Each structure stands twice: as C-alpha cells, then as structure tokens.
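*Asks:* Before I ask anything, let me first share the structure, which is written out below as structure tokens.
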Amino acid sequence: MPNILLTSLCNRHCPYCFADEKISRTNSDTQTKKQQFISEEYFDRVLDFLEDSGEKTASFIGGEPTLHPKFEVIFEKALKRNFFIKIFSNGLYNEKIRTFLASIPPSSVKIICNTNPPQFNSDSEWSRVMETFKALGSRIILASTIWLKEQPLDYLLNLTIQYGLRNQIRIGIAQPIVGVENIYLPIEQYKCLAESLVEFARKCDEHNIKITFDCGLPLCMFTEEQLGVLQMCNAPAVFHCNPVLDIGTDLTVWSCFPLSKLHNVKLLDFKKLKELTIYFESRLAPYRSFGSFPLCTSCKYLIRNQCKGGCLAHTIRSFHQNRI
Amino acid sequence: MSLSDDKVFRAKKEVTWRETEGKLIVLNLQSGLYYTLDEMATVFFNLLIQEKKILEIIQAICVEYKATPDQVRSDLEEFITTLTQENILEPLHA
C-alpha cells in the first residue's frame, strides 16, 4: 500500500529518521529539497491513481503530515472519495488538528503514532502528545522505532492501556538509508534485541494487545522458541522486504525511505500501482539473492523466500556504492 | 588477449561488488548475474578497480606472491578477457 507524502516538513528531530533524504527541517533545507507541501491538484491526481489501481486506503506520511496547511481539506477530499485514511504521525498536534481528527469516526481513520521513549521528548512535547492520545483514543495505534540496543518498550503498553488506544502496538527497527548517513540499529545487535521483543510481546499478550512488526526483520534474529512465543502471543513476526512505494509532494515515487535515493520515478509515467511495484522489484531484484548477512546467500529461508534477509538497505550498503 | 603494459581497466558502471568472509562477489546490476571470485581473482580485481596499469599490477603481484612476470601476465590476461566478455570490466581508454 503506497504512502502519500503530504509535506516534507517535520517538527521532530528523531535521531534515526530514515526519511532524512526527503525531509526539510530548516529554511536552507527547504531551498535544496523538493517542494514542501503537496498541492491539491497533485493530491487529486494521486487519489485518481489510487482509485484506478483499486486501492481503498489513502495513507499519509511526511514529515509530519498534519503540518500541511490544508491538512483538513486534503483529508476531507480523501474521505469524500470513500478512502479509509491511515496517517503516519508523531502526535505533536495543535488544538485545531486534534479537534478535527476527533471529529472523524475511528472507523474512517487510523493514526499510527510514532512515539519515542519519554526521555527523548521535552516536557512540552510529551504533554502535547498525551493531549493527542486523550483526545483521539482508539484512533491511535502506538508505534516505536528501535534505534538503541536496550530501548525501553514498556511505556508503549502503559500508554495504550492508560489512554484506551487501539489494542495494537507497532514495532519497527531503525534502518539505514542507502547513500545517506543516519543512525540505525546495526544488524549485529538484532539477536540481543530479540529477547526483549519477545518479553514485551508476552506482557502485551496479558492485556490482549497485539504486536505487529515493520518490515526488515531477518528470521534468524529469533530462536525457534522465540518465534513460537511470538506466534502464541499474537505477535507473529514477518520477514518481508517489498517496495512500499512512497509518493512525494512533486509526485516522485521511490520504493521506501531507506531506498529513497534509488531509482526515483514519476507517478504519472505509470498507469497502475502494480506497474510501479514491478518497476521497483525488477530494479532491486539483483540484490535479493544476498541478504544482509554473509551467511544469507546459502540460507534455506532466503532461498525458500521465507525470509528476505532483512532490510534491503543493509544489503545494498554492503556493496560498493560509488555510483549512488 | 595481449595487453600493453600501460593499459588500464575499470568496472563498468552497472557493476558493484562486496567482500565477505574473504570472498569477493561481483554483481552486474543490469543482468542480475553475479560472480564469486577466488583469492587470486580478488587480488586482480581489487588492483584493476584502482585503475592501475597492467605493468603495475604485474609488478605488485610478483613482489607479493613471488611469481614470475610471465605467469602473472598470462593469468591476468585470461582474467581480464573473461570479465570483459561478462560485461564486468571495460578498458578505460577504449
């Protein structure tokens, strides 16, 4: 399912940001990066494209998508055309946005709210995000991106219970961006992380809260026993890595943020999403045999396509990069 | 293929590579084909992509491996011929 970048502006400075290649944080950034906000005309074209491709969900990303000056107008356009709306957000809203989203029924919107551990928020940021949770309740799914070897997770469970958020928590691992230096969790540390993820899944299961994992996990980071526990705790790990498709404010399309410097194309040069997916899959296919770890090439799980060998950005970065 | 001493080769633009566990994998992104090079081939490849002249490569290998120039030249020419045919290498000054 593709994501629509409503704006390249963000009001957070997450250390691991893997959208860094496409995001503007300062005025000088905005001069060099692509246009800051998607226009209404371009947004309509994206909705046309999604409709023609049979998509039922419009997924908004950024930057922080709610910073688009016409966010409500954009949102209503998608709603009017019967799209279910998914927003990837940080929850740092003003009262106007909060009130607007609170007026949308939870059956029409899902807000995946990436929330860093409390110590990585200022007091005012934290209290704004708490206001958002209080106002939007079950519209919110908490999400966290892990960039530290021993990153706290329990706060996600506590907040989900405290504010009656949707009973699902989404966990991702900070991935590298090909051709850009960012902070990410080295793959050598994944196995250390596995036990804390399993332990967290056990705790969430006691409260009937489901864990879902983002793309880019390799199967071998877990033991067979850990995989069994995750399955039983309704937290099945998935080991895929496919083109997500992100559509930029100028209608440039890239495969996903970690690969956002590679093979960019224009949306309107294609007729359907399927064509775009095939385009990116074919461009990235030569790397698929290798995986992130040296042993991936002879791994039966990679060969049988049960695992994609982790995030492709790790694989590509392991190759010589002089032409990116 | 008989190569003059000052000939220089480079990897084609659609070619990338990585070294893991002592082996060099050379990947052609256009064809999707990849090649795993053995130790000597890896030494040749690493010197070639530094855009060294044929004579410099031969001299470097003779010193490092105590081989005769004729033997190194013969192996190097065979290696370059194969990788050129496989669209991995190209002459720098065609």
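In the structure tokens, each chain is lettered A, B, ... as it comes, each chain's residues begin at 1, and ligands are numbered from 1 in order of appearance.
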Got a sec to tell me which of range 10-218 of chain A DSSP assigns to strand (DSSP E or B), as JSON, numbers by chain?

*Replies:* {"A": [24, 37, 57, 58, 59, 60, 61, 84, 85, 86, 87, 88, 89, 109, 110, 111, 112, 113, 114, 140, 141, 142, 143, 144, 145, 146, 168, 169, 170, 171, 172, 173, 177, 180, 210, 211, 212, 213]}

*Asks:* Please write the residues from the selection above to a file, keeping C-alpha atoms, as a CSV table (one decimal), in the first residue's frame.

*Replies:*
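Ended up saving to again.csv:
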chain,number,residue,atom,x,y,z
A,24,SER,CA,13.2,19.5,5.4
A,37,PHE,CA,3.7,20.6,0.5
A,57,THR,CA,-6.8,3.2,1.7
A,58,ALA,CA,-5.1,6.6,1.5
A,59,SER,CA,-2.0,6.6,3.6
A,60,PHE,CA,-0.5,9.9,4.7
A,61,ILE,CA,3.1,10.4,5.7
A,84,PHE,CA,-10.1,4.8,4.6
A,85,ILE,CA,-7.3,7.1,5.9
A,86,LYS,CA,-4.1,6.0,7.6
A,87,ILE,CA,-1.8,8.7,9.0
A,88,PHE,CA,1.8,8.1,10.0
A,89,SER,CA,2.3,10.8,12.5
A,109,VAL,CA,-9.1,6.8,10.3
A,110,LYS,CA,-6.2,5.1,11.9
A,111,ILE,CA,-3.3,7.2,13.2
A,112,ILE,CA,0.0,5.3,13.6
A,113,CYS,CA,1.7,7.4,16.1
A,114,ASN,CA,5.4,7.0,16.4
A,140,ILE,CA,-4.4,5.9,17.7
A,141,ILE,CA,-2.0,2.9,17.3
A,142,LEU,CA,1.2,3.4,19.1
A,143,ALA,CA,4.4,2.7,17.2
A,144,SER,CA,8.0,2.8,18.1
A,145,THR,CA,11.2,2.7,16.1
A,146,ILE,CA,14.1,1.0,17.9
A,168,GLN,CA,-2.2,-2.9,18.8
A,169,ILE,CA,1.5,-1.7,19.1
A,170,ARG,CA,3.7,-1.5,16.0
A,171,ILE,CA,7.4,-2.0,16.4
A,172,GLY,CA,10.0,-1.1,13.8
A,173,ILE,CA,13.7,-1.1,13.7
A,177,ILE,CA,19.3,5.0,4.2
A,180,VAL,CA,22.9,8.9,3.4
A,210,LYS,CA,-1.3,-7.3,19.6
A,211,ILE,CA,2.2,-6.6,18.5
A,212,THR,CA,2.9,-6.0,14.8
A,213,PHE,CA,6.3,-5.7,13.3

*Asks:* Using DSSP on the backbone, list every residue of range 2-90 of chain B that comes out as alpha helix (DSSP H), and give them as a short mmCIF file (atom, residue, chain, number, x, y, z; two decimals) with C-alpha atoms, in the first residue's frame.

*Replies:*
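Output file result22.cif follows:
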data_model
loop_
_atom_site.label_atom_id
_atom_site.label_comp_id
_atom_site.auth_asym_id
_atom_site.auth_seq_id
_atom_site.Cartn_x
_atom_site.Cartn_y
_atom_site.Cartn_z
CA GLU B 39 41.59 -15.26 -3.73
CA MET B 40 43.84 -14.55 -6.73
CA ALA B 41 40.98 -13.20 -8.84
CA THR B 42 40.05 -10.92 -5.94
CA VAL B 43 43.59 -9.54 -5.86
CA PHE B 44 43.45 -8.91 -9.63
CA PHE B 45 40.03 -7.26 -9.37
CA ASN B 46 40.99 -5.01 -6.47
CA LEU B 47 44.07 -3.77 -8.32
CA LEU B 48 42.17 -3.28 -11.58
CA ILE B 54 48.81 -3.68 -16.36
CA LEU B 55 52.53 -3.44 -15.64
CA GLU B 56 51.92 -2.03 -12.16
CA ILE B 57 49.59 -4.90 -11.36
CA ILE B 58 52.06 -7.49 -12.59
CA GLN B 59 54.87 -5.92 -10.58
CA ALA B 60 52.75 -5.71 -7.42
CA ILE B 61 51.74 -9.35 -7.65
CA CYS B 62 55.22 -10.59 -8.45
CA VAL B 63 56.50 -8.92 -5.29
CA GLU B 64 53.65 -10.12 -3.10
CA TYR B 65 53.39 -13.70 -4.36
CA PRO B 69 56.01 -11.88 -14.56
CA ASP B 70 55.15 -14.18 -17.47
CA GLN B 71 52.91 -16.37 -15.36
CA VAL B 72 51.16 -13.38 -13.76
CA ARG B 73 50.65 -11.71 -17.13
CA SER B 74 49.13 -14.86 -18.56
CA ASP B 75 46.70 -15.27 -15.63
CA LEU B 76 45.84 -11.57 -15.60
CA GLU B 77 45.11 -11.50 -19.33
CA GLU B 78 42.85 -14.52 -19.00
CA PHE B 79 41.04 -12.89 -16.09
CA ILE B 80 40.53 -9.60 -17.93
CA THR B 81 39.36 -11.39 -21.07
CA THR B 82 36.72 -13.31 -19.11
CA LEU B 83 35.47 -10.31 -17.14
CA THR B 84 35.35 -8.11 -20.21
CA GLN B 85 33.28 -10.71 -22.02
#

*Asks:* Hey, could you make a per-residue contact list for chain B against chain A with 10 Å as the cut-off, showing the nearest pair of atoms and its distance in Å to one decimal, counting only C-alpha atoms, sorted by chain and number, as a Markdown table?

*Replies:*
| residue | atom | partner | partner_atom | distance |
| --- | --- | --- | --- | --- |
| B:Lys13 | CA | A:Arg323 | CA | 7.3 |
| B:Glu14 | CA | A:Arg323 | CA | 8.7 |
| B:Val15 | CA | A:His320 | CA | 8.9 |
| B:Thr16 | CA | A:His320 | CA | 5.5 |
| B:Trp17 | CA | A:Phe319 | CA | 5.1 |
| B:Arg18 | CA | A:Phe319 | CA | 4.6 |
| B:Glu19 | CA | A:Phe319 | CA | 8.0 |
| B:Thr20 | CA | A:Pro294 | CA | 6.1 |
| B:Glu21 | CA | A:Pro294 | CA | 7.3 |
| B:Ile25 | CA | A:Phe319 | CA | 8.9 |
| B:Val26 | CA | A:Phe319 | CA | 9.0 |
| B:Leu27 | CA | A:Pro286 | CA | 7.6 |
| B:Asn28 | CA | A:Pro286 | CA | 7.8 |
| B:Leu29 | CA | A:Pro286 | CA | 5.7 |
| B:Gln30 | CA | A:Pro286 | CA | 7.9 |
| B:Ser31 | CA | A:Pro286 | CA | 7.8 |
| B:Gly32 | CA | A:Pro286 | CA | 4.5 |
| B:Leu33 | CA | A:Pro286 | CA | 7.4 |
| B:Tyr34 | CA | A:Pro286 | CA | 8.5 |

*Asks:* Give me, as a ChimeraX atom specification, all polymer residues having an atom no more than 12 Å from Leu5 in chain A, counting only C-alpha atoms and skipping those fewer than 3 positions away in the same chain.

*Replies:* /A:2,8-10,19,22-23,34-39,42-43,46,58-68,71,74,87-89,245-254,256-257

*Asks:* Print the selection's residues with C-alpha atoms to a file, as a CSV table (one decimal), in the first residue's frame.

*Replies:*
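Result file follows (selection-v3.csv):
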chain,number,residue,atom,x,y,z
A,2,PRO,CA,1.6,3.3,-1.1
A,8,SER,CA,8.5,17.3,3.7
A,9,LEU,CA,8.3,19.3,6.9
A,10,CYS,CA,8.7,17.7,10.3
A,19,ALA,CA,13.1,9.8,5.9
A,22,LYS,CA,13.3,13.7,1.8
A,23,ILE,CA,12.7,15.8,4.9
A,34,LYS,CA,11.8,19.2,-3.0
A,35,GLN,CA,8.7,21.3,-2.6
A,36,GLN,CA,7.4,21.3,0.9
A,37,PHE,CA,3.7,20.6,0.5
A,38,ILE,CA,1.7,18.5,-1.9
A,39,SER,CA,-0.7,20.7,-3.9
A,42,TYR,CA,-1.3,16.8,-7.2
A,43,PHE,CA,-3.2,15.2,-4.3
A,46,VAL,CA,-2.7,10.7,-6.5
A,58,ALA,CA,-5.1,6.6,1.5
A,59,SER,CA,-2.0,6.6,3.6
A,60,PHE,CA,-0.5,9.9,4.7
A,61,ILE,CA,3.1,10.4,5.7
A,62,GLY,CA,5.6,13.2,5.9
A,63,GLY,CA,7.5,14.8,7.5
A,64,GLU,CA,4.6,15.3,9.9
A,65,PRO,CA,1.6,15.1,7.5
A,66,THR,CA,-0.7,17.2,9.8
A,67,LEU,CA,1.7,20.2,9.2
A,68,HIS,CA,0.3,20.6,5.7
A,71,PHE,CA,-4.5,19.2,6.0
A,74,ILE,CA,-6.8,17.2,1.9
A,87,ILE,CA,-1.8,8.7,9.0
A,88,PHE,CA,1.8,8.1,10.0
A,89,SER,CA,2.3,10.8,12.5
A,245,LEU,CA,6.0,2.9,-2.6
A,246,ASP,CA,6.1,6.4,-1.3
A,247,ILE,CA,4.8,9.3,-3.4
A,248,GLY,CA,6.5,12.6,-2.9
A,249,THR,CA,5.0,16.1,-2.9
A,250,ASP,CA,6.1,16.5,-6.5
A,251,LEU,CA,4.7,13.1,-7.5
A,252,THR,CA,8.2,11.5,-7.5
A,253,VAL,CA,7.9,7.9,-6.3
A,254,TRP,CA,10.5,5.8,-4.5
A,256,CYS,CA,10.7,3.1,0.5
A,257,PHE,CA,12.6,5.6,2.7

*Asks:* Work out how far CA of Gly164 in chain A is from CA of Glu150 in chain A, in Å to one decimal.

*Replies:*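 Distance reported for this atom pair: 26.5 Å.
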
*Asks:* Considering only C-alpha atoms, state which residue in the set B:Ile88, B:Leu37, B:Ile49, B:Ala67 is at the smallest distance from Gly22 in chain B.

*Replies:*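 For Gly22 in chain B, the nearest of the candidates is B:Leu37.
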
*Asks:* May I ask which of the residues A:Pro152, A:Pro106, A:Pro258, A:Gly179 is the closest one to Gly137 in chain A, counting only C-alpha atoms?

*Replies:*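 Result for the nearest residue to Gly137 in chain A: A:Pro106.
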
*Asks:* Identify, on the basis of only C-alpha atoms, every residue whose closest approach to Asp44 in chain A does not exceed 9 Å; exclude the query and any residue fewer than 4 positions from it along the same chain; express the result as a PyMOL selection string.

*Replies:* chain A and resi 39-40+48-49+74+77-78

*Asks:* To one decimal place, how far is CA of Ile278 in chain A from CA of Asn87 in chain B in Å?

*Replies:*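 If I compute the distance from CA of Ile278 in chain A to CA of Asn87 in chain B, I get 25.0 Å.
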
*Asks:* Give me, please, the distance in Å between CA of Arg139 in chain A and CA of Thr99 in chain A, quoted to one decimal.

*Replies:* 12.7 Å

*Asks:* Between B:Lys53, B:Lys66, B:Leu24, B:Tyr35, single out the one closest to Ser4 in chain B, counting only C-alpha atoms.

*Replies:*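 Using only C-alpha atoms, the shortest distance to Ser4 in chain B belongs to B:Lys53.
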